[in-house]
Amino acid sequence: MKANCWVAPNRVAIEEVPDPTVLNPRDAVVKVTSAAICGSDLHLLDGLIPAMKRGDVLGHEFMGEIVELGSGARDGLRVGDRVVVGFPIACGDCASCQRGLYSVCENSNPNAAIAETAMGHTPAGIFGYSHLMGGYAGGQAEYVRVPYADVGALKIEDGLADEQVLFLSDVLPTGYMAAEIGDVKPGDVVAVWGAGPVGQFAAVSAFLLGAEQVVVIDRFPYRLRIARDKAGAETINYEETDVLDTLREMTAGRGPDVCIDAVGMEGHHASAALHAYDRAKQAVKAETDRPHALREAILACRNGGTVSAIGAYGGFIDKFPMGSFMNRSLTLRSGQAHVQRYMRPLLERIRKGEIDPSFIITHTMRLDDTPHGYDIFKNKQDDCLKVVLKP
């Protein structure tokens with residue numbers, strides 16, 4: 001079959017790889033009908049996530065039709081079912097899964113020892129996201145093996161288009177969880193750093209949870225336009241105005257109640273000098289991540305407020321403003337999205353018309369064109385916000 005494979009930093013290619021098969025009783029093999037390129041895939045492209053190997057199949061946002069099913073699959077799955085697959089691989093039975101913490105499943109990462117060396121404890125396995133996270137083949141392919149399919153695969157039984165439900169695999173639950181763990185309450189002012197797909201859905205979700213005002217911060221005019229037109233947010237271009245001063249003015253000096261970092265490890269700073277500082281430290285491995293958005297979110301948040309860090313981080317950061325965080329009684333919450341917790345509730349919101357996630361799609365391509373999709377997505381060309389792939 002054809003699949004999009006990691007070749008080397010800043011290089012992917014469509015290659016022929018072996019067809020997947022059922023290996024365990026709760027496995028399924030899914031014929032992919034739609035997949036997507038995620039912002040966190042760019043961390044792999046850029047070589048910032050360790051333990052990538054040439055030929056690794058990428059992609060953790062996908063859906064399709066079950067064509068093969070193991071004998072032990074539960075939850076009524078059948079061959080022929082149309083399913084969306086959540087990106088964390090979760091057993092459903094361990095202590096973490098029983099608490100709804102699916103992205104830290106204790107049983108799904110066969111390379112737990114590698115992750116424990118880097119992180120102390122292992123998170124769950126993730127499709128197409130390095131051998132640190134299990135070495136599982138991803139969904140930017142014609143077919144994919146889905147372990148624990150009875151936990152991770154959600155049946156779609158009505159006439160909703162792929163484009164309406166595909167993002168239940170990752171970015172919609174991730175954006176929603178960003179707002180939820182931020183403890184957004186009716187009347188709150190919420191600031192979101194990053195107008196990519198997760199930031200867009202975080203803004204929409206903040207309004208769903210009752211926020212009175214949502215402000216999205218980015219530097220690309222087309223992404224800010226989508227945040228205004230589709231998510232209903234106010235916007236700040238951080239290359240044109242000082243973010244901290246502007247947020248103080250918008251909140252009578254208090255700061256936002258909730259600040260969401262939807263940027264993560266490849267943050268950019270308006271100051272060329274500050275950006276170069278973190279790029280240099282990253283280049284010499286003195287830090288792995290550029291946490292510009294996280295630093296600013298902490299400084300911006302009102303006293304006693306909550307910072308929600310949903311942007312992906314891979315390792316260690318520098319100059320964390322601990323004095324501000326501690327002395328001003330802030331709360332910091334984070335995590336890879338526990339997607340399985342949110343898939344069904346968010347599917348109901350889609351069915352009711354409360355949200356149509358398809359608004360983030362700007363490009364649809366054949367699987368063969370995936371390398372071009374990575375190029376325009378990474379470089380913000382052709383007003384690219386989200387690429388959907390059709391095998």
# chains A, B, ... in the order shown; residues from 1 in each chain; ligands from 1
>>> residues_around(residues="A:Thr21", least_positions_apart="2", cutoff="12 Å", atoms="only C-alpha atoms", output="PyMOL selection string")
chain A and resi 18-19+23-31+66-70+137+143-147
>>> write_last_selection(atoms="N, CA, C and O atoms", output="PDB file, in the first residue's frame")
ATOM      1  N   PRO A  18       4.371  -2.424   3.625  1.00  0.00           N
ATOM      2  CA  PRO A  18       3.516  -3.614   3.772  1.00  0.00           C
ATOM      3  C   PRO A  18       2.117  -3.260   4.270  1.00  0.00           C
ATOM      4  O   PRO A  18       1.940  -2.345   5.080  1.00  0.00           O
ATOM      5  N   ASP A  19       1.118  -3.993   3.789  1.00  0.00           N
ATOM      6  CA  ASP A  19      -0.238  -3.817   4.284  1.00  0.00           C
ATOM      7  C   ASP A  19      -0.305  -4.226   5.754  1.00  0.00           C
ATOM      8  O   ASP A  19       0.320  -5.211   6.163  1.00  0.00           O
ATOM      9  N   LEU A  23      -3.013  -8.150  14.505  1.00  0.00           N
ATOM     10  CA  LEU A  23      -1.994  -8.833  15.291  1.00  0.00           C
ATOM     11  C   LEU A  23      -2.523  -9.301  16.637  1.00  0.00           C
ATOM     12  O   LEU A  23      -2.027 -10.284  17.182  1.00  0.00           O
ATOM     13  N   ASN A  24      -3.507  -8.589  17.179  1.00  0.00           N
ATOM     14  CA  ASN A  24      -4.069  -8.910  18.493  1.00  0.00           C
ATOM     15  C   ASN A  24      -5.593  -8.954  18.412  1.00  0.00           C
ATOM     16  O   ASN A  24      -6.192  -8.354  17.509  1.00  0.00           O
ATOM     17  N   PRO A  25      -6.247  -9.649  19.339  1.00  0.00           N
ATOM     18  CA  PRO A  25      -7.696  -9.859  19.226  1.00  0.00           C
ATOM     19  C   PRO A  25      -8.531  -8.581  19.178  1.00  0.00           C
ATOM     20  O   PRO A  25      -9.620  -8.584  18.606  1.00  0.00           O
ATOM     21  N   ARG A  26      -8.048  -7.485  19.764  1.00  0.00           N
ATOM     22  CA  ARG A  26      -8.842  -6.256  19.789  1.00  0.00           C
ATOM     23  C   ARG A  26      -8.424  -5.272  18.703  1.00  0.00           C
ATOM     24  O   ARG A  26      -8.823  -4.117  18.704  1.00  0.00           O
ATOM     25  N   ASP A  27      -7.633  -5.735  17.747  1.00  0.00           N
ATOM     26  CA  ASP A  27      -7.213  -4.905  16.620  1.00  0.00           C
ATOM     27  C   ASP A  27      -8.311  -4.781  15.574  1.00  0.00           C
ATOM     28  O   ASP A  27      -9.189  -5.641  15.449  1.00  0.00           O
ATOM     29  N   ALA A  28      -8.207  -3.718  14.787  1.00  0.00           N
ATOM     30  CA  ALA A  28      -8.958  -3.586  13.538  1.00  0.00           C
ATOM     31  C   ALA A  28      -7.997  -3.075  12.477  1.00  0.00           C
ATOM     32  O   ALA A  28      -6.996  -2.423  12.790  1.00  0.00           O
ATOM     33  N   VAL A  29      -8.300  -3.380  11.245  1.00  0.00           N
ATOM     34  CA  VAL A  29      -7.623  -2.737  10.117  1.00  0.00           C
ATOM     35  C   VAL A  29      -8.640  -1.826   9.448  1.00  0.00           C
ATOM     36  O   VAL A  29      -9.755  -2.254   9.118  1.00  0.00           O
ATOM     37  N   VAL A  30      -8.278  -0.565   9.292  1.00  0.00           N
ATOM     38  CA  VAL A  30      -9.176   0.451   8.748  1.00  0.00           C
ATOM     39  C   VAL A  30      -8.672   0.898   7.386  1.00  0.00           C
ATOM     40  O   VAL A  30      -7.482   1.222   7.227  1.00  0.00           O
ATOM     41  N   LYS A  31      -9.566   0.886   6.411  1.00  0.00           N
ATOM     42  CA  LYS A  31      -9.283   1.484   5.109  1.00  0.00           C
ATOM     43  C   LYS A  31      -9.545   2.976   5.230  1.00  0.00           C
ATOM     44  O   LYS A  31     -10.675   3.405   5.478  1.00  0.00           O
ATOM     45  N   ILE A  66     -13.806  -0.117   8.600  1.00  0.00           N
ATOM     46  CA  ILE A  66     -13.186  -1.331   9.115  1.00  0.00           C
ATOM     47  C   ILE A  66     -13.282  -2.429   8.062  1.00  0.00           C
ATOM     48  O   ILE A  66     -14.374  -2.769   7.602  1.00  0.00           O
ATOM     49  N   VAL A  67     -12.132  -2.980   7.687  1.00  0.00           N
ATOM     50  CA  VAL A  67     -12.109  -4.056   6.686  1.00  0.00           C
ATOM     51  C   VAL A  67     -11.665  -5.380   7.281  1.00  0.00           C
ATOM     52  O   VAL A  67     -11.816  -6.433   6.649  1.00  0.00           O
ATOM     53  N   GLU A  68     -11.096  -5.327   8.479  1.00  0.00           N
ATOM     54  CA  GLU A  68     -10.692  -6.554   9.171  1.00  0.00           C
ATOM     55  C   GLU A  68     -10.787  -6.288  10.663  1.00  0.00           C
ATOM     56  O   GLU A  68     -10.464  -5.188  11.128  1.00  0.00           O
ATOM     57  N   LEU A  69     -11.224  -7.290  11.424  1.00  0.00           N
ATOM     58  CA  LEU A  69     -11.482  -7.084  12.849  1.00  0.00           C
ATOM     59  C   LEU A  69     -11.052  -8.315  13.625  1.00  0.00           C
ATOM     60  O   LEU A  69     -11.342  -9.447  13.234  1.00  0.00           O
ATOM     61  N   GLY A  70     -10.356  -8.076  14.746  1.00  0.00           N
ATOM     62  CA  GLY A  70      -9.946  -9.178  15.601  1.00  0.00           C
ATOM     63  C   GLY A  70     -11.119  -9.812  16.323  1.00  0.00           C
ATOM     64  O   GLY A  70     -12.185  -9.202  16.498  1.00  0.00           O
ATOM     65  N   ALA A 137       2.539   2.666  13.229  1.00  0.00           N
ATOM     66  CA  ALA A 137       2.320   3.262  11.911  1.00  0.00           C
ATOM     67  C   ALA A 137       1.094   4.165  11.960  1.00  0.00           C
ATOM     68  O   ALA A 137       0.088   3.849  12.602  1.00  0.00           O
ATOM     69  N   TYR A 143      -4.235   2.154   4.409  1.00  0.00           N
ATOM     70  CA  TYR A 143      -4.782   1.307   5.472  1.00  0.00           C
ATOM     71  C   TYR A 143      -3.967   1.535   6.739  1.00  0.00           C
ATOM     72  O   TYR A 143      -2.791   1.916   6.691  1.00  0.00           O
ATOM     73  N   VAL A 144      -4.571   1.240   7.890  1.00  0.00           N
ATOM     74  CA  VAL A 144      -3.859   1.382   9.158  1.00  0.00           C
ATOM     75  C   VAL A 144      -4.379   0.344  10.149  1.00  0.00           C
ATOM     76  O   VAL A 144      -5.583   0.048  10.182  1.00  0.00           O
ATOM     77  N   ARG A 145      -3.456  -0.207  10.918  1.00  0.00           N
ATOM     78  CA  ARG A 145      -3.845  -1.099  12.009  1.00  0.00           C
ATOM     79  C   ARG A 145      -4.193  -0.255  13.232  1.00  0.00           C
ATOM     80  O   ARG A 145      -3.443   0.640  13.629  1.00  0.00           O
ATOM     81  N   VAL A 146      -5.344  -0.556  13.852  1.00  0.00           N
ATOM     82  CA  VAL A 146      -5.824   0.183  15.018  1.00  0.00           C
ATOM     83  C   VAL A 146      -5.862  -0.755  16.217  1.00  0.00           C
ATOM     84  O   VAL A 146      -6.772  -1.593  16.338  1.00  0.00           O
ATOM     85  N   PRO A 147      -4.893  -0.688  17.124  1.00  0.00           N
ATOM     86  CA  PRO A 147      -4.970  -1.482  18.358  1.00  0.00           C
ATOM     87  C   PRO A 147      -6.093  -0.964  19.268  1.00  0.00           C
ATOM     88  O   PRO A 147      -6.440   0.220  19.224  1.00  0.00           O
TER      89      PRO A 147
END
>>> select_by_dssp(residues="stretch 131-344 of chain A", states="strand (DSSP E)", output="PyMOL selection string")
chain A and resi 143-146+153-155+189-193+213-218+234-237+258-261+306-309+331-334
>>> residues_around(residues="A:Gly187", least_positions_apart="6", cutoff="12 Å", atoms="only C-alpha atoms", output="list in words")
Ala206, Phe207, Leu208, Leu209, Gly210, Ala211, Glu212, Gln213, Val214, Pro256, Asp257 and Val258 of chain A
>>> write_last_selection(atoms="all heavy atoms", output="PDB file, in the first residue's frame")
ATOM      1  N   ALA A 206     -14.455  27.695  23.995  1.00  0.00           N
ATOM      2  CA  ALA A 206     -14.598  28.651  25.096  1.00  0.00           C
ATOM      3  C   ALA A 206     -15.963  29.323  25.050  1.00  0.00           C
ATOM      4  O   ALA A 206     -16.625  29.490  26.090  1.00  0.00           O
ATOM      5  CB  ALA A 206     -13.481  29.688  25.028  1.00  0.00           C
ATOM      6  N   PHE A 207     -16.421  29.678  23.849  1.00  0.00           N
ATOM      7  CA  PHE A 207     -17.766  30.247  23.734  1.00  0.00           C
ATOM      8  C   PHE A 207     -18.835  29.216  24.108  1.00  0.00           C
ATOM      9  O   PHE A 207     -19.829  29.548  24.774  1.00  0.00           O
ATOM     10  CB  PHE A 207     -18.003  30.756  22.315  1.00  0.00           C
ATOM     11  CG  PHE A 207     -17.399  32.100  22.026  1.00  0.00           C
ATOM     12  CD1 PHE A 207     -16.512  32.272  20.976  1.00  0.00           C
ATOM     13  CD2 PHE A 207     -17.716  33.205  22.804  1.00  0.00           C
ATOM     14  CE1 PHE A 207     -15.957  33.514  20.695  1.00  0.00           C
ATOM     15  CE2 PHE A 207     -17.164  34.457  22.548  1.00  0.00           C
ATOM     16  CZ  PHE A 207     -16.285  34.609  21.483  1.00  0.00           C
ATOM     17  N   LEU A 208     -18.643  27.953  23.701  1.00  0.00           N
ATOM     18  CA  LEU A 208     -19.614  26.917  24.061  1.00  0.00           C
ATOM     19  C   LEU A 208     -19.726  26.763  25.573  1.00  0.00           C
ATOM     20  O   LEU A 208     -20.803  26.442  26.093  1.00  0.00           O
ATOM     21  CB  LEU A 208     -19.217  25.573  23.439  1.00  0.00           C
ATOM     22  CG  LEU A 208     -19.377  25.433  21.924  1.00  0.00           C
ATOM     23  CD1 LEU A 208     -18.820  24.088  21.456  1.00  0.00           C
ATOM     24  CD2 LEU A 208     -20.843  25.560  21.511  1.00  0.00           C
ATOM     25  N   LEU A 209     -18.622  27.001  26.285  1.00  0.00           N
ATOM     26  CA  LEU A 209     -18.623  26.874  27.742  1.00  0.00           C
ATOM     27  C   LEU A 209     -19.027  28.166  28.445  1.00  0.00           C
ATOM     28  O   LEU A 209     -19.010  28.221  29.669  1.00  0.00           O
ATOM     29  CB  LEU A 209     -17.250  26.425  28.225  1.00  0.00           C
ATOM     30  CG  LEU A 209     -16.833  25.009  27.799  1.00  0.00           C
ATOM     31  CD1 LEU A 209     -15.402  24.708  28.227  1.00  0.00           C
ATOM     32  CD2 LEU A 209     -17.784  23.968  28.364  1.00  0.00           C
ATOM     33  N   GLY A 210     -19.378  29.199  27.679  1.00  0.00           N
ATOM     34  CA  GLY A 210     -19.948  30.396  28.282  1.00  0.00           C
ATOM     35  C   GLY A 210     -19.082  31.623  28.313  1.00  0.00           C
ATOM     36  O   GLY A 210     -19.475  32.641  28.918  1.00  0.00           O
ATOM     37  N   ALA A 211     -17.907  31.585  27.709  1.00  0.00           N
ATOM     38  CA  ALA A 211     -17.042  32.770  27.721  1.00  0.00           C
ATOM     39  C   ALA A 211     -17.764  33.972  27.115  1.00  0.00           C
ATOM     40  O   ALA A 211     -18.493  33.849  26.131  1.00  0.00           O
ATOM     41  CB  ALA A 211     -15.748  32.491  26.959  1.00  0.00           C
ATOM     42  N   GLU A 212     -17.530  35.120  27.711  1.00  0.00           N
ATOM     43  CA  GLU A 212     -18.135  36.350  27.200  1.00  0.00           C
ATOM     44  C   GLU A 212     -17.293  36.959  26.089  1.00  0.00           C
ATOM     45  O   GLU A 212     -17.817  37.539  25.139  1.00  0.00           O
ATOM     46  CB  GLU A 212     -18.277  37.349  28.343  1.00  0.00           C
ATOM     47  CG  GLU A 212     -18.880  38.688  27.930  1.00  0.00           C
ATOM     48  CD  GLU A 212     -19.071  39.623  29.105  1.00  0.00           C
ATOM     49  OE1 GLU A 212     -19.473  39.145  30.189  1.00  0.00           O
ATOM     50  OE2 GLU A 212     -18.812  40.829  28.947  1.00  0.00           O
ATOM     51  N   GLN A 213     -15.983  36.816  26.188  1.00  0.00           N
ATOM     52  CA  GLN A 213     -15.067  37.428  25.230  1.00  0.00           C
ATOM     53  C   GLN A 213     -13.895  36.473  25.017  1.00  0.00           C
ATOM     54  O   GLN A 213     -13.337  35.929  25.973  1.00  0.00           O
ATOM     55  CB  GLN A 213     -14.557  38.767  25.760  1.00  0.00           C
ATOM     56  CG  GLN A 213     -13.635  39.525  24.822  1.00  0.00           C
ATOM     57  CD  GLN A 213     -13.136  40.826  25.463  1.00  0.00           C
ATOM     58  OE1 GLN A 213     -13.100  40.966  26.686  1.00  0.00           O
ATOM     59  NE2 GLN A 213     -12.755  41.786  24.632  1.00  0.00           N
ATOM     60  N   VAL A 214     -13.542  36.245  23.743  1.00  0.00           N
ATOM     61  CA  VAL A 214     -12.390  35.417  23.404  1.00  0.00           C
ATOM     62  C   VAL A 214     -11.476  36.222  22.487  1.00  0.00           C
ATOM     63  O   VAL A 214     -11.938  36.818  21.509  1.00  0.00           O
ATOM     64  CB  VAL A 214     -12.811  34.098  22.710  1.00  0.00           C
ATOM     65  CG1 VAL A 214     -11.578  33.290  22.303  1.00  0.00           C
ATOM     66  CG2 VAL A 214     -13.714  33.273  23.627  1.00  0.00           C
ATOM     67  N   PRO A 256      -6.786  38.410  31.250  1.00  0.00           N
ATOM     68  CA  PRO A 256      -7.797  37.388  30.976  1.00  0.00           C
ATOM     69  C   PRO A 256      -7.940  36.409  32.139  1.00  0.00           C
ATOM     70  O   PRO A 256      -6.986  36.122  32.864  1.00  0.00           O
ATOM     71  CB  PRO A 256      -7.252  36.670  29.732  1.00  0.00           C
ATOM     72  CG  PRO A 256      -6.272  37.621  29.129  1.00  0.00           C
ATOM     73  CD  PRO A 256      -5.677  38.379  30.271  1.00  0.00           C
ATOM     74  N   ASP A 257      -9.146  35.877  32.282  1.00  0.00           N
ATOM     75  CA  ASP A 257      -9.395  34.864  33.316  1.00  0.00           C
ATOM     76  C   ASP A 257      -8.715  33.544  32.976  1.00  0.00           C
ATOM     77  O   ASP A 257      -8.253  32.822  33.861  1.00  0.00           O
ATOM     78  CB  ASP A 257     -10.903  34.628  33.457  1.00  0.00           C
ATOM     79  CG  ASP A 257     -11.651  35.880  33.821  1.00  0.00           C
ATOM     80  OD1 ASP A 257     -11.558  36.302  34.985  1.00  0.00           O
ATOM     81  OD2 ASP A 257     -12.321  36.449  32.935  1.00  0.00           O
ATOM     82  N   VAL A 258      -8.686  33.219  31.686  1.00  0.00           N
ATOM     83  CA  VAL A 258      -8.099  31.964  31.213  1.00  0.00           C
ATOM     84  C   VAL A 258      -7.188  32.283  30.033  1.00  0.00           C
ATOM     85  O   VAL A 258      -7.594  32.995  29.112  1.00  0.00           O
ATOM     86  CB  VAL A 258      -9.187  30.955  30.774  1.00  0.00           C
ATOM     87  CG1 VAL A 258      -8.549  29.659  30.286  1.00  0.00           C
ATOM     88  CG2 VAL A 258     -10.173  30.696  31.905  1.00  0.00           C
TER      89      VAL A 258
END
>>> closest_residue(among="A:Thr122, A:Gln381, A:Ser271, A:Ser108", to="A:His292", atoms="only C-alpha atoms")
A:Ser271
>>> residues_around(residues="A:Thr331", least_positions_apart="3", cutoff="12 Å", atoms="only C-alpha atoms", output="PyMOL selection string")
chain A and resi 181-183+257-260+297-298+301-309+322+324-328+334
>>> residues_around(residues="A:Gly134", least_positions_apart="4", cutoff="9 Å", atoms="only C-alpha atoms", output="PyMOL selection string")
chain A and resi 108-112+115+124-130
>>> write_last_selection(atoms="N, CA and C atoms", output="mmCIF file, in the first residue's frame")
data_model
loop_
_atom_site.group_PDB
_atom_site.id
_atom_site.type_symbol
_atom_site.label_atom_id
_atom_site.label_comp_id
_atom_site.auth_asym_id
_atom_site.auth_seq_id
_atom_site.Cartn_x
_atom_site.Cartn_y
_atom_site.Cartn_z
ATOM 1 N N SER A 108 -0.384 0.891 26.458
ATOM 2 C CA SER A 108 -0.368 0.963 24.991
ATOM 3 C C SER A 108 0.974 1.371 24.390
ATOM 4 N N ASN A 109 1.964 1.698 25.209
ATOM 5 C CA ASN A 109 3.266 2.083 24.664
ATOM 6 C C ASN A 109 4.265 0.943 24.857
ATOM 7 N N PRO A 110 4.558 0.182 23.800
ATOM 8 C CA PRO A 110 5.518 -0.914 23.950
ATOM 9 C C PRO A 110 6.944 -0.442 24.187
ATOM 10 N N ASN A 111 7.204 0.836 23.949
ATOM 11 C CA ASN A 111 8.527 1.415 24.180
ATOM 12 C C ASN A 111 8.527 2.286 25.432
ATOM 13 N N ALA A 112 7.813 1.844 26.455
ATOM 14 C CA ALA A 112 7.664 2.640 27.673
ATOM 15 C C ALA A 112 9.000 3.018 28.276
ATOM 16 N N ALA A 115 10.349 6.247 26.790
ATOM 17 C CA ALA A 115 9.609 7.419 27.253
ATOM 18 C C ALA A 115 9.903 7.725 28.712
ATOM 19 N N ALA A 124 0.654 7.405 26.705
ATOM 20 C CA ALA A 124 0.103 6.381 25.828
ATOM 21 C C ALA A 124 0.870 6.327 24.515
ATOM 22 N N GLY A 125 0.692 5.229 23.794
ATOM 23 C CA GLY A 125 1.145 5.182 22.421
ATOM 24 C C GLY A 125 0.315 6.111 21.560
ATOM 25 N N ILE A 126 0.924 6.608 20.491
ATOM 26 C CA ILE A 126 0.250 7.527 19.572
ATOM 27 C C ILE A 126 0.535 7.073 18.145
ATOM 28 N N PHE A 127 -0.475 7.120 17.302
ATOM 29 C CA PHE A 127 -0.292 6.754 15.904
ATOM 30 C C PHE A 127 0.715 7.694 15.233
ATOM 31 N N GLY A 128 1.679 7.106 14.524
ATOM 32 C CA GLY A 128 2.563 7.881 13.662
ATOM 33 C C GLY A 128 3.346 8.949 14.357
ATOM 34 N N TYR A 129 3.775 8.697 15.605
ATOM 35 C CA TYR A 129 4.415 9.784 16.359
ATOM 36 C C TYR A 129 5.673 9.325 17.076
ATOM 37 N N SER A 130 6.569 8.709 16.342
ATOM 38 C CA SER A 130 7.905 8.343 16.788
ATOM 39 C C SER A 130 7.881 7.067 17.626
#
>>> residues_around(residues="A:Asp382", least_positions_apart="3", cutoff="10 Å", atoms="only C-alpha atoms", output="PyMOL selection string")
chain A and resi 222+362-363+376-377+379+385
>>> write_last_selection(atoms="N, CA and C atoms", output="PDB file, in the first residue's frame")
ATOM      1  N   TYR A 222      -4.481  35.767   7.597  1.00  0.00           N
ATOM      2  CA  TYR A 222      -5.556  34.865   7.172  1.00  0.00           C
ATOM      3  C   TYR A 222      -6.035  33.987   8.328  1.00  0.00           C
ATOM      4  N   THR A 362      -8.838  24.166   4.530  1.00  0.00           N
ATOM      5  CA  THR A 362      -8.518  25.080   3.428  1.00  0.00           C
ATOM      6  C   THR A 362      -8.022  24.337   2.195  1.00  0.00           C
ATOM      7  N   HIS A 363      -7.532  23.106   2.366  1.00  0.00           N
ATOM      8  CA  HIS A 363      -6.969  22.356   1.248  1.00  0.00           C
ATOM      9  C   HIS A 363      -7.355  20.884   1.356  1.00  0.00           C
ATOM     10  N   ILE A 376       3.317  23.419   2.179  1.00  0.00           N
ATOM     11  CA  ILE A 376       2.524  24.650   2.269  1.00  0.00           C
ATOM     12  C   ILE A 376       1.982  24.859   3.675  1.00  0.00           C
ATOM     13  N   PHE A 377       1.724  23.774   4.400  1.00  0.00           N
ATOM     14  CA  PHE A 377       1.232  23.901   5.766  1.00  0.00           C
ATOM     15  C   PHE A 377       2.330  24.456   6.669  1.00  0.00           C
ATOM     16  N   ASN A 379       4.980  26.205   5.846  1.00  0.00           N
ATOM     17  CA  ASN A 379       5.431  27.536   5.462  1.00  0.00           C
ATOM     18  C   ASN A 379       4.301  28.553   5.340  1.00  0.00           C
ATOM     19  N   LEU A 385      -4.495  26.497   6.329  1.00  0.00           N
ATOM     20  CA  LEU A 385      -4.789  26.271   7.743  1.00  0.00           C
ATOM     21  C   LEU A 385      -4.893  24.787   8.062  1.00  0.00           C
TER      22      LEU A 385
END
>>> closest_residue(among="A:Arg254, A:Lys2, A:Arg333, A:His269", to="A:Ala300", atoms="only C-alpha atoms")
A:Arg254
